[in-house]
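Here is the structure we will look at.
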Amino acid sequence: LSICAKLNTLECRGCPLVTSLGIAAIAVGCKQLFKLDIKKCYNVNDFGAIPLAHFSQNLRQVNLSYTSITDVGLLSLASISCLQNMTILHLKGLSPRGLAAALLACGGLTKVKLHSSFKLLLPPLLFEHLEARGCIFQWRAKVFQDEFEDSKCWKLQLEEMNNDA
């Protein structure tokens, strides 16, 4: 995919073989990337987010849910000036302070989906400030689904396919 220079939208949800190295290669080769959804790509971490921040300056929408991106990676993505929409659910290495710093640094945000636990962990003034800048927050109370549940699902789907053959 990294040689598809005109690639502007990539959705690769739940792909355990997608890694930070692959995301970095896509970031370098696909500079027109506009929308990226890597939800449940557990092997994507800060080593994928940092090149994404550097090379994907056209990125407007990103779903990082259930990845291994930490405060460092999220803060690096905040440097993308045209980033408008982020979904950030269940990032294992995300702290309230790191999230607050990234949200403040990301000046063009218009919509953010977060886990409802952050609503109590961050100061209300932060949300008031961001809402005054035009950002809408959507709160989700989804229970964490770990990768073993997804692996089990993939295994069952493969077994079904083999049985049908």
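Naming works like this for the structure tokens: A, B, ... for the chains as they're shown, residue 1 at the start of each chain, ligands 1 onward in shown order.
The list of residues with at least one atom within 12 Å of Ala100 in chain A, based on only C-alpha atoms and without residues fewer than 6 positions apart in the same chain, reads A:Asp71, A:Leu74, A:Leu75, A:Ala78, A:Leu94, A:Cys106, A:Leu114, A:Phe118, A:Lys119, A:Leu121, A:Leu122, A:Pro123, A:Pro124, A:Leu125, A:Leu126, A:Phe127, A:His129, A:Leu130.
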Store the residues of this selection in a file with N, CA and C atoms, as a CSV table (one decimal), in the first residue's frame.
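New file selection_10.csv:
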chain,number,residue,atom,x,y,z
A,71,ASP,N,1.0,8.5,25.2
A,71,ASP,CA,1.0,9.9,25.3
A,71,ASP,C,2.0,10.5,24.2
A,74,LEU,N,0.5,10.2,20.7
A,74,LEU,CA,-0.7,11.1,20.5
A,74,LEU,C,-0.3,12.6,20.5
A,75,LEU,N,0.7,12.9,21.3
A,75,LEU,CA,1.2,14.3,21.3
A,75,LEU,C,1.8,14.7,19.9
A,78,ALA,N,-0.7,15.5,17.4
A,78,ALA,CA,-1.3,16.8,17.6
A,78,ALA,C,-0.6,17.9,16.7
A,94,LEU,N,-2.2,5.7,27.5
A,94,LEU,CA,-2.6,7.0,27.5
A,94,LEU,C,-3.0,7.5,28.9
A,106,CYS,N,-3.7,20.3,19.7
A,106,CYS,CA,-4.3,20.1,18.4
A,106,CYS,C,-5.4,21.2,18.2
A,114,LEU,N,-14.1,9.9,23.0
A,114,LEU,CA,-13.3,9.5,24.2
A,114,LEU,C,-14.1,8.5,25.1
A,118,PHE,N,-12.5,9.4,31.0
A,118,PHE,CA,-11.7,10.6,31.0
A,118,PHE,C,-12.5,11.9,31.4
A,119,LYS,N,-13.8,11.8,31.3
A,119,LYS,CA,-14.6,13.0,31.7
A,119,LYS,C,-14.4,13.3,33.1
A,121,LEU,N,-11.6,12.4,34.8
A,121,LEU,CA,-10.2,12.5,35.1
A,121,LEU,C,-9.6,13.9,34.7
A,122,LEU,N,-10.3,14.6,33.8
A,122,LEU,CA,-9.8,15.8,33.3
A,122,LEU,C,-10.6,17.0,33.8
A,123,PRO,N,-10.0,18.2,34.0
A,123,PRO,CA,-10.7,19.3,34.5
A,123,PRO,C,-11.8,19.8,33.6
A,124,PRO,N,-13.0,20.1,34.1
A,124,PRO,CA,-14.1,20.7,33.3
A,124,PRO,C,-13.7,21.9,32.5
A,125,LEU,N,-12.8,22.7,33.0
A,125,LEU,CA,-12.3,23.9,32.2
A,125,LEU,C,-11.6,23.5,30.9
A,126,LEU,N,-11.0,22.4,30.9
A,126,LEU,CA,-10.3,21.9,29.7
A,126,LEU,C,-11.4,21.7,28.6
A,127,PHE,N,-12.5,21.0,29.0
A,127,PHE,CA,-13.5,20.8,28.0
A,127,PHE,C,-14.2,22.1,27.6
A,129,HIS,N,-12.9,25.0,27.4
A,129,HIS,CA,-12.0,25.7,26.5
A,129,HIS,C,-12.0,25.1,25.1
A,130,LEU,N,-12.0,23.8,25.0
A,130,LEU,CA,-12.0,23.1,23.7
A,130,LEU,C,-13.3,23.3,23.0
Contacts of range 8-20 of chain A at 6 Å (only C-alpha atoms; same-chain gap of 2+ positions) as a PyMOL selection string: chain A and resi 22-24+32-41+43-45+47-48
All strand (DSSP E or B) positions in chain A, as a PyMOL selection string: chain A and resi 9-11+35-37+61-63+70+85-88+93+111-115+136-140
Print the selection's residues with N, CA and C atoms to a file, as an mmCIF file, in the first residue's frame.
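So the final result, stored in again.cif, reads:
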data_model
loop_
_atom_site.group_PDB
_atom_site.id
_atom_site.type_symbol
_atom_site.label_atom_id
_atom_site.label_comp_id
_atom_site.auth_asym_id
_atom_site.auth_seq_id
_atom_site.Cartn_x
_atom_site.Cartn_y
_atom_site.Cartn_z
ATOM 1 N N THR A 9 -7.657 7.369 1.805
ATOM 2 C CA THR A 9 -8.435 6.776 2.898
ATOM 3 C C THR A 9 -7.959 5.350 3.119
ATOM 4 N N LEU A 10 -7.680 5.022 4.360
ATOM 5 C CA LEU A 10 -7.257 3.661 4.692
ATOM 6 C C LEU A 10 -7.973 3.220 5.959
ATOM 7 N N GLU A 11 -8.734 2.136 5.841
ATOM 8 C CA GLU A 11 -9.387 1.531 6.994
ATOM 9 C C GLU A 11 -8.901 0.098 7.100
ATOM 10 N N LYS A 35 -7.793 10.153 5.687
ATOM 11 C CA LYS A 35 -8.519 9.446 6.739
ATOM 12 C C LYS A 35 -7.822 8.118 7.014
ATOM 13 N N LEU A 36 -7.568 7.838 8.299
ATOM 14 C CA LEU A 36 -6.912 6.603 8.706
ATOM 15 C C LEU A 36 -7.663 5.989 9.876
ATOM 16 N N ASP A 37 -8.059 4.741 9.717
ATOM 17 C CA ASP A 37 -8.737 4.004 10.783
ATOM 18 C C ASP A 37 -7.930 2.742 11.064
ATOM 19 N N GLN A 61 -8.743 12.889 9.741
ATOM 20 C CA GLN A 61 -9.543 12.018 10.596
ATOM 21 C C GLN A 61 -8.739 10.775 10.929
ATOM 22 N N VAL A 62 -8.717 10.398 12.220
ATOM 23 C CA VAL A 62 -7.965 9.213 12.628
ATOM 24 C C VAL A 62 -8.687 8.503 13.765
ATOM 25 N N ASN A 63 -8.713 7.165 13.673
ATOM 26 C CA ASN A 63 -9.247 6.328 14.747
ATOM 27 C C ASN A 63 -8.081 5.491 15.262
ATOM 28 N N THR A 70 0.884 5.678 22.856
ATOM 29 C CA THR A 70 0.934 6.277 24.196
ATOM 30 C C THR A 70 0.820 7.793 24.093
ATOM 31 N N ASN A 85 -10.717 15.312 13.468
ATOM 32 C CA ASN A 85 -11.566 14.299 14.078
ATOM 33 C C ASN A 85 -10.699 13.162 14.598
ATOM 34 N N MET A 86 -10.803 12.880 15.903
ATOM 35 C CA MET A 86 -10.028 11.780 16.492
ATOM 36 C C MET A 86 -10.937 10.894 17.329
ATOM 37 N N THR A 87 -10.733 9.597 17.190
ATOM 38 C CA THR A 87 -11.388 8.633 18.068
ATOM 39 C C THR A 87 -10.283 7.953 18.851
ATOM 40 N N ILE A 88 -10.373 8.080 20.170
ATOM 41 C CA ILE A 88 -9.304 7.605 21.047
ATOM 42 C C ILE A 88 -9.946 6.800 22.173
ATOM 43 N N GLY A 93 -1.506 3.030 26.878
ATOM 44 C CA GLY A 93 -0.476 3.905 27.419
ATOM 45 C C GLY A 93 -0.863 5.363 27.478
ATOM 46 N N LYS A 111 -14.130 17.318 16.440
ATOM 47 C CA LYS A 111 -14.853 16.201 17.058
ATOM 48 C C LYS A 111 -13.852 15.215 17.649
ATOM 49 N N VAL A 112 -14.118 14.810 18.891
ATOM 50 C CA VAL A 112 -13.267 13.836 19.572
ATOM 51 C C VAL A 112 -14.167 12.825 20.265
ATOM 52 N N LYS A 113 -13.892 11.539 20.021
ATOM 53 C CA LYS A 113 -14.589 10.473 20.747
ATOM 54 C C LYS A 113 -13.633 9.935 21.792
ATOM 55 N N LEU A 114 -14.089 9.941 23.046
ATOM 56 C CA LEU A 114 -13.274 9.490 24.168
ATOM 57 C C LEU A 114 -14.061 8.543 25.062
ATOM 58 N N HIS A 115 -13.319 7.758 25.832
ATOM 59 C CA HIS A 115 -13.963 6.916 26.831
ATOM 60 C C HIS A 115 -14.488 7.817 27.946
ATOM 61 N N ILE A 136 -16.445 19.276 19.556
ATOM 62 C CA ILE A 136 -17.557 18.531 20.146
ATOM 63 C C ILE A 136 -17.000 17.215 20.687
ATOM 64 N N PHE A 137 -17.383 16.871 21.898
ATOM 65 C CA PHE A 137 -16.947 15.611 22.499
ATOM 66 C C PHE A 137 -18.087 14.608 22.469
ATOM 67 N N GLN A 138 -17.730 13.395 22.080
ATOM 68 C CA GLN A 138 -18.681 12.284 22.142
ATOM 69 C C GLN A 138 -18.100 11.277 23.129
ATOM 70 N N TRP A 139 -18.897 10.908 24.095
ATOM 71 C CA TRP A 139 -18.437 10.037 25.170
ATOM 72 C C TRP A 139 -18.943 8.617 24.970
ATOM 73 N N ARG A 140 -18.052 7.650 25.118
ATOM 74 C CA ARG A 140 -18.397 6.232 24.978
ATOM 75 C C ARG A 140 -18.020 5.500 26.254
#
Of the listed residues A:Ala101, A:Arg133, A:Lys31, A:Lys142, that which approaches Ser79 in chain A most closely, counting only C-alpha atoms: A:Ala101
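Atom to atom, CA of Cys30 in chain A and CA of Phe55 in chain A stand 8.4 Å apart.
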Give the alpha helix (DSSP H) residues of range 67-105 of chain A, as DSSP finds them on the backbone, and put them as a PDB file with all heavy atoms, in the first residue's frame.
ATOM      1  N   ASP A  71       1.049   8.456  25.213  1.00  0.00           N
ATOM      2  CA  ASP A  71       1.041   9.920  25.262  1.00  0.00           C
ATOM      3  C   ASP A  71       1.979  10.516  24.213  1.00  0.00           C
ATOM      4  O   ASP A  71       1.639  11.506  23.561  1.00  0.00           O
ATOM      5  CB  ASP A  71       1.508  10.413  26.639  1.00  0.00           C
ATOM      6  CG  ASP A  71       0.574  10.046  27.773  1.00  0.00           C
ATOM      7  OD1 ASP A  71      -0.593   9.689  27.498  1.00  0.00           O
ATOM      8  OD2 ASP A  71       1.000  10.115  28.931  1.00  0.00           O
ATOM      9  N   VAL A  72       3.154   9.911  24.056  1.00  0.00           N
ATOM     10  CA  VAL A  72       4.172  10.429  23.125  1.00  0.00           C
ATOM     11  C   VAL A  72       3.641  10.436  21.695  1.00  0.00           C
ATOM     12  O   VAL A  72       3.745  11.432  20.979  1.00  0.00           O
ATOM     13  CB  VAL A  72       5.467   9.602  23.224  1.00  0.00           C
ATOM     14  CG1 VAL A  72       6.458   9.985  22.144  1.00  0.00           C
ATOM     15  CG2 VAL A  72       6.091   9.733  24.601  1.00  0.00           C
ATOM     16  N   GLY A  73       3.071   9.329  21.262  1.00  0.00           N
ATOM     17  CA  GLY A  73       2.541   9.230  19.907  1.00  0.00           C
ATOM     18  C   GLY A  73       1.369  10.156  19.675  1.00  0.00           C
ATOM     19  O   GLY A  73       1.264  10.810  18.633  1.00  0.00           O
ATOM     20  N   LEU A  74       0.472  10.240  20.664  1.00  0.00           N
ATOM     21  CA  LEU A  74      -0.701  11.105  20.515  1.00  0.00           C
ATOM     22  C   LEU A  74      -0.278  12.572  20.461  1.00  0.00           C
ATOM     23  O   LEU A  74      -0.785  13.337  19.646  1.00  0.00           O
ATOM     24  CB  LEU A  74      -1.685  10.874  21.661  1.00  0.00           C
ATOM     25  CG  LEU A  74      -3.041  11.550  21.500  1.00  0.00           C
ATOM     26  CD1 LEU A  74      -3.762  11.043  20.257  1.00  0.00           C
ATOM     27  CD2 LEU A  74      -3.898  11.327  22.727  1.00  0.00           C
ATOM     28  N   LEU A  75       0.676  12.942  21.283  1.00  0.00           N
ATOM     29  CA  LEU A  75       1.156  14.327  21.270  1.00  0.00           C
ATOM     30  C   LEU A  75       1.848  14.655  19.947  1.00  0.00           C
ATOM     31  O   LEU A  75       1.709  15.761  19.432  1.00  0.00           O
ATOM     32  CB  LEU A  75       2.087  14.577  22.452  1.00  0.00           C
ATOM     33  CG  LEU A  75       2.366  16.025  22.784  1.00  0.00           C
ATOM     34  CD1 LEU A  75       1.085  16.820  22.969  1.00  0.00           C
ATOM     35  CD2 LEU A  75       3.224  16.132  24.028  1.00  0.00           C
ATOM     36  N   SER A  76       2.550  13.696  19.373  1.00  0.00           N
ATOM     37  CA  SER A  76       3.185  13.938  18.072  1.00  0.00           C
ATOM     38  C   SER A  76       2.122  14.149  16.992  1.00  0.00           C
ATOM     39  O   SER A  76       2.279  15.009  16.129  1.00  0.00           O
ATOM     40  CB  SER A  76       4.142  12.816  17.689  1.00  0.00           C
ATOM     41  OG  SER A  76       3.454  11.629  17.403  1.00  0.00           O
ATOM     42  N   LEU A  77       1.024  13.394  17.044  1.00  0.00           N
ATOM     43  CA  LEU A  77      -0.053  13.553  16.060  1.00  0.00           C
ATOM     44  C   LEU A  77      -0.739  14.912  16.191  1.00  0.00           C
ATOM     45  O   LEU A  77      -1.293  15.425  15.217  1.00  0.00           O
ATOM     46  CB  LEU A  77      -1.081  12.430  16.194  1.00  0.00           C
ATOM     47  CG  LEU A  77      -0.598  11.046  15.769  1.00  0.00           C
ATOM     48  CD1 LEU A  77      -1.600   9.981  16.174  1.00  0.00           C
ATOM     49  CD2 LEU A  77      -0.333  11.004  14.282  1.00  0.00           C
ATOM     50  N   PRO A  96      -4.216  10.729  31.555  1.00  0.00           N
ATOM     51  CA  PRO A  96      -5.028  11.951  31.489  1.00  0.00           C
ATOM     52  C   PRO A  96      -4.190  13.186  31.128  1.00  0.00           C
ATOM     53  O   PRO A  96      -4.623  14.016  30.329  1.00  0.00           O
ATOM     54  CB  PRO A  96      -5.622  12.063  32.891  1.00  0.00           C
ATOM     55  CG  PRO A  96      -5.666  10.654  33.389  1.00  0.00           C
ATOM     56  CD  PRO A  96      -4.446   9.999  32.812  1.00  0.00           C
ATOM     57  N   ARG A  97      -2.987  13.302  31.678  1.00  0.00           N
ATOM     58  CA  ARG A  97      -2.139  14.457  31.368  1.00  0.00           C
ATOM     59  C   ARG A  97      -1.700  14.450  29.911  1.00  0.00           C
ATOM     60  O   ARG A  97      -1.671  15.493  29.255  1.00  0.00           O
ATOM     61  CB  ARG A  97      -0.915  14.482  32.272  1.00  0.00           C
ATOM     62  CG  ARG A  97      -1.243  14.912  33.671  1.00  0.00           C
ATOM     63  CD  ARG A  97      -0.015  15.041  34.509  1.00  0.00           C
ATOM     64  NE  ARG A  97      -0.370  15.474  35.835  1.00  0.00           N
ATOM     65  CZ  ARG A  97       0.505  15.746  36.762  1.00  0.00           C
ATOM     66  NH1 ARG A  97       1.789  15.633  36.515  1.00  0.00           N
ATOM     67  NH2 ARG A  97       0.106  16.133  37.948  1.00  0.00           N
ATOM     68  N   GLY A  98      -1.343  13.276  29.399  1.00  0.00           N
ATOM     69  CA  GLY A  98      -0.942  13.179  27.998  1.00  0.00           C
ATOM     70  C   GLY A  98      -2.086  13.521  27.067  1.00  0.00           C
ATOM     71  O   GLY A  98      -1.896  14.218  26.062  1.00  0.00           O
ATOM     72  N   LEU A  99      -3.279  13.039  27.408  1.00  0.00           N
ATOM     73  CA  LEU A  99      -4.462  13.354  26.602  1.00  0.00           C
ATOM     74  C   LEU A  99      -4.749  14.847  26.629  1.00  0.00           C
ATOM     75  O   LEU A  99      -4.994  15.459  25.586  1.00  0.00           O
ATOM     76  CB  LEU A  99      -5.671  12.564  27.105  1.00  0.00           C
ATOM     77  CG  LEU A  99      -7.002  12.883  26.434  1.00  0.00           C
ATOM     78  CD1 LEU A  99      -6.946  12.608  24.928  1.00  0.00           C
ATOM     79  CD2 LEU A  99      -8.130  12.096  27.079  1.00  0.00           C
ATOM     80  N   ALA A 100      -4.693  15.446  27.811  1.00  0.00           N
ATOM     81  CA  ALA A 100      -4.962  16.882  27.929  1.00  0.00           C
ATOM     82  C   ALA A 100      -3.968  17.688  27.094  1.00  0.00           C
ATOM     83  O   ALA A 100      -4.360  18.606  26.369  1.00  0.00           O
ATOM     84  CB  ALA A 100      -4.903  17.302  29.397  1.00  0.00           C
ATOM     85  N   ALA A 101      -2.693  17.321  27.169  1.00  0.00           N
ATOM     86  CA  ALA A 101      -1.662  18.036  26.400  1.00  0.00           C
ATOM     87  C   ALA A 101      -1.920  17.916  24.905  1.00  0.00           C
ATOM     88  O   ALA A 101      -1.821  18.899  24.162  1.00  0.00           O
ATOM     89  CB  ALA A 101      -0.273  17.497  26.749  1.00  0.00           C
ATOM     90  N   ALA A 102      -2.261  16.710  24.450  1.00  0.00           N
ATOM     91  CA  ALA A 102      -2.518  16.495  23.021  1.00  0.00           C
ATOM     92  C   ALA A 102      -3.755  17.268  22.558  1.00  0.00           C
ATOM     93  O   ALA A 102      -3.741  17.880  21.493  1.00  0.00           O
ATOM     94  CB  ALA A 102      -2.683  15.002  22.733  1.00  0.00           C
ATOM     95  N   LEU A 103      -4.810  17.251  23.350  1.00  0.00           N
ATOM     96  CA  LEU A 103      -6.031  17.964  22.975  1.00  0.00           C
ATOM     97  C   LEU A 103      -5.785  19.470  22.880  1.00  0.00           C
ATOM     98  O   LEU A 103      -6.276  20.126  21.962  1.00  0.00           O
ATOM     99  CB  LEU A 103      -7.156  17.671  23.973  1.00  0.00           C
ATOM    100  CG  LEU A 103      -7.721  16.253  23.959  1.00  0.00           C
ATOM    101  CD1 LEU A 103      -8.711  16.068  25.100  1.00  0.00           C
ATOM    102  CD2 LEU A 103      -8.357  15.921  22.626  1.00  0.00           C
ATOM    103  N   LEU A 104      -5.020  19.995  23.804  1.00  0.00           N
ATOM    104  CA  LEU A 104      -4.715  21.429  23.778  1.00  0.00           C
ATOM    105  C   LEU A 104      -3.820  21.801  22.604  1.00  0.00           C
ATOM    106  O   LEU A 104      -3.970  22.859  22.004  1.00  0.00           O
ATOM    107  CB  LEU A 104      -4.055  21.859  25.088  1.00  0.00           C
ATOM    108  CG  LEU A 104      -5.000  21.962  26.282  1.00  0.00           C
ATOM    109  CD1 LEU A 104      -4.205  22.137  27.571  1.00  0.00           C
ATOM    110  CD2 LEU A 104      -5.991  23.088  26.097  1.00  0.00           C
ATOM    111  N   ALA A 105      -2.899  20.897  22.260  1.00  0.00           N
ATOM    112  CA  ALA A 105      -1.953  21.180  21.172  1.00  0.00           C
ATOM    113  C   ALA A 105      -2.598  21.067  19.802  1.00  0.00           C
ATOM    114  O   ALA A 105      -2.117  21.641  18.834  1.00  0.00           O
ATOM    115  CB  ALA A 105      -0.758  20.235  21.271  1.00  0.00           C
TER     116      ALA A 105
END
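Atom pair CA of Ile80 in chain A / CA of Ala141 in chain A has a distance of 27.5 Å (rounded to one decimal).
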